[in-house]
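*Asks:* Take this structure first; my questions come after.
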Amino acid sequence: MDYGCGKILTVSRKDLRSLSGEAQAAIRERAVRAVIGGMGHREVAELFGVERAVVSKWMRRWRDGGWEGLNERRRGRRAGEQEALEPWQRGVIVTLIKEKNPDQLQLPGFLWTRDAVVELIDRRFGIRLAVTTVGRYLRDWGFTPQVPAHRAIERNPEEVREWLQLRYPKIRTKARRAGGILLWQDETGFRSQCSHGRSWSPKGQTPIKEATGQRFGVNMISAIGNDGSLRFQLFEGKFNQFVFIGFLERLIKHHADRKVFLIVDGHPSHRSKLVKQWLAEHCKRIELHFLPSYSPDLNPVELLNHDVKANAVGRKRPRTLTEMIDSVTDYLDCRQGQPHIIKRFFTHPLTTYGA
C-alpha cells in the first residue's frame, strides 16, 4: 500500500525506539499519511507496532504543526537544569514540605505544587529542575496530590500542644479517679439541598442527583464516648443555650450513676451566663471542658457528623422534613447499637489521643 511516501513497512515497538531521530520522524510521517489515506488509528498502530494513543498523538502534532511538527524534538535537559539532588538536599526539601507551607517560606501560594517545589529547590540550592523531574521526586518520596483539609489561620499551635500534652491528660485522669464518663459533644445541621458522596459518571458529564426543590432541614446535637456510647437529640430552629441545657439534662439523667465530663468547642451558647449558672447547680453531676479554639479536627464527633451526612442524608432523597427526621433518627438508633463503629471515630490520627 502506498500513500505517496514509499511503501509502509511494519516494525516492532523495540525496533522503532532503536531508530535514529530522522528515521522515527519518517515513520511518524508515513503513519499520518496512512490515516489521511483512510486507514483507522488502530490499524495503523498495529502496522507500526505502537499503541493507538501514539498514533493519535502523532495526528495532533501534525494538525498543530504540520509536517514539521512530526520532526524529532530536542531531548535532554534544558540549559541550567540539573537532574539529581544529593541525598542530604533531598532530606532538607522533604522536611520543609512536611513542616511548612510555601507562604511560610516566602514562596508564592499556600499549596505545595510541583512549581512551588521547583522554586523551593532553586532558592535553597541554586538548582533549577524540570517540573516533571520534581514530580518524579515527589512520588519517590511518598507524596501524592491530595485535596487539602481546611484549618483556620487563627488556630494556636501552642494551645493545641498544651491540650494534647497537659490539659486533656489531666481531664482523663480526673474522670477515671471519679469513676465518671468522658464524652465529646458537637452540633451540626442537615439540609434538603445538601448533596454528599460521589457518583460514577462519564468523564466531563456531571452526574445529577434528583431531589426535592423544597428547602427544609433539621439540626442535631450529639455526644459520643470512646467506650462506644452515643447520645443524640434532633431539633428544629437555631441552636442556643436552652437547647444545650436541655441536652445536658438528658445526659446526666441517662448517666445517673456516673459523673459526666463533657468536652465541647467554644460555641457562644456553651459559654453563656445561663449555662454557667446551670453547671454551678449541677457541678457534682457534670463538668464542661473546652477544646482549643478553631480545632474541630480534635473532636471525634465531627467524624460522626460526616458519617450521618454521607449515609443517612447523602444516600437518601427525603421529600419532606418528616422523612429526613425519620431517616436520621433511624440511622442514629442503628449506630447506638454499633459501639464498635463509634469507637472507630477515635482511631483517626487526629482523634486517637482520646481513645
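Convention: chains lettered A, B, ... in C-alpha cells order; per-chain residue numbering from 1; ligands numbered from 1 as shown.
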Write down as a VMD selection string the residues of segment 36-283 of chain A whose backbone DSSP state falls under strand (DSSP E or B).
*Replies:* chain A and resid 81 128 181 to 191 217 to 224 230 to 235 260 to 264
*Asks:* Between A:Gln185, A:Ile325, A:Gly237, A:Asn305, which has the minimum distance to Gly266 of chain A (counting only C-alpha atoms)?
*Replies:* A:Gln185
*Asks:* Show me, as a tab-separated table, the residues of segment 59-119 of chain A having an atom within 7 Å of segment 131-141 of chain A, each with the closest atom pair and its distance in Å, using only C-alpha atoms.
*Replies:*
residue	atom	partner	partner_atom	distance
A:Arg114	CA	A:Val131	CA	6.0
A:Asp115	CA	A:Val131	CA	6.3
A:Val118	CA	A:Val131	CA	6.6
*Asks:* Neighbouring residues of Ala312 of chain A were defined as those with any atom within 9 Å, considering only C-alpha atoms; residues of the same chain fewer than 4 positions away were excluded. Please report them as a ChimeraX atom specification.
*Replies:* /A:307-308,316,324,327-332
*Asks:* What's the 8 Å shell around segment 245-251 of chain A, counting only C-alpha atoms, without same-chain residues fewer than 4 positions away, as a PyMOL selection string?
*Replies:* chain A and resi 221+231+233+241+255+260+275+278
*Asks:* Hey, can you spit out that residue selection with C-alpha atoms as a PDB file, in the first residue's frame?
*Replies:*
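Contents of result.pdb, as written:
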ATOM      1  CA  ILE A 221     -26.685  17.756  68.951  1.00  0.00           C
ATOM      2  CA  ARG A 231     -26.439  10.115  72.788  1.00  0.00           C
ATOM      3  CA  GLN A 233     -31.098  14.863  70.047  1.00  0.00           C
ATOM      4  CA  GLN A 241     -28.323  27.912  75.379  1.00  0.00           C
ATOM      5  CA  HIS A 255     -25.746   8.637  83.325  1.00  0.00           C
ATOM      6  CA  VAL A 260     -20.165  13.316  83.096  1.00  0.00           C
ATOM      7  CA  VAL A 275     -25.272  27.668  81.120  1.00  0.00           C
ATOM      8  CA  TRP A 278     -26.872  25.646  85.432  1.00  0.00           C
TER       9      TRP A 278
END
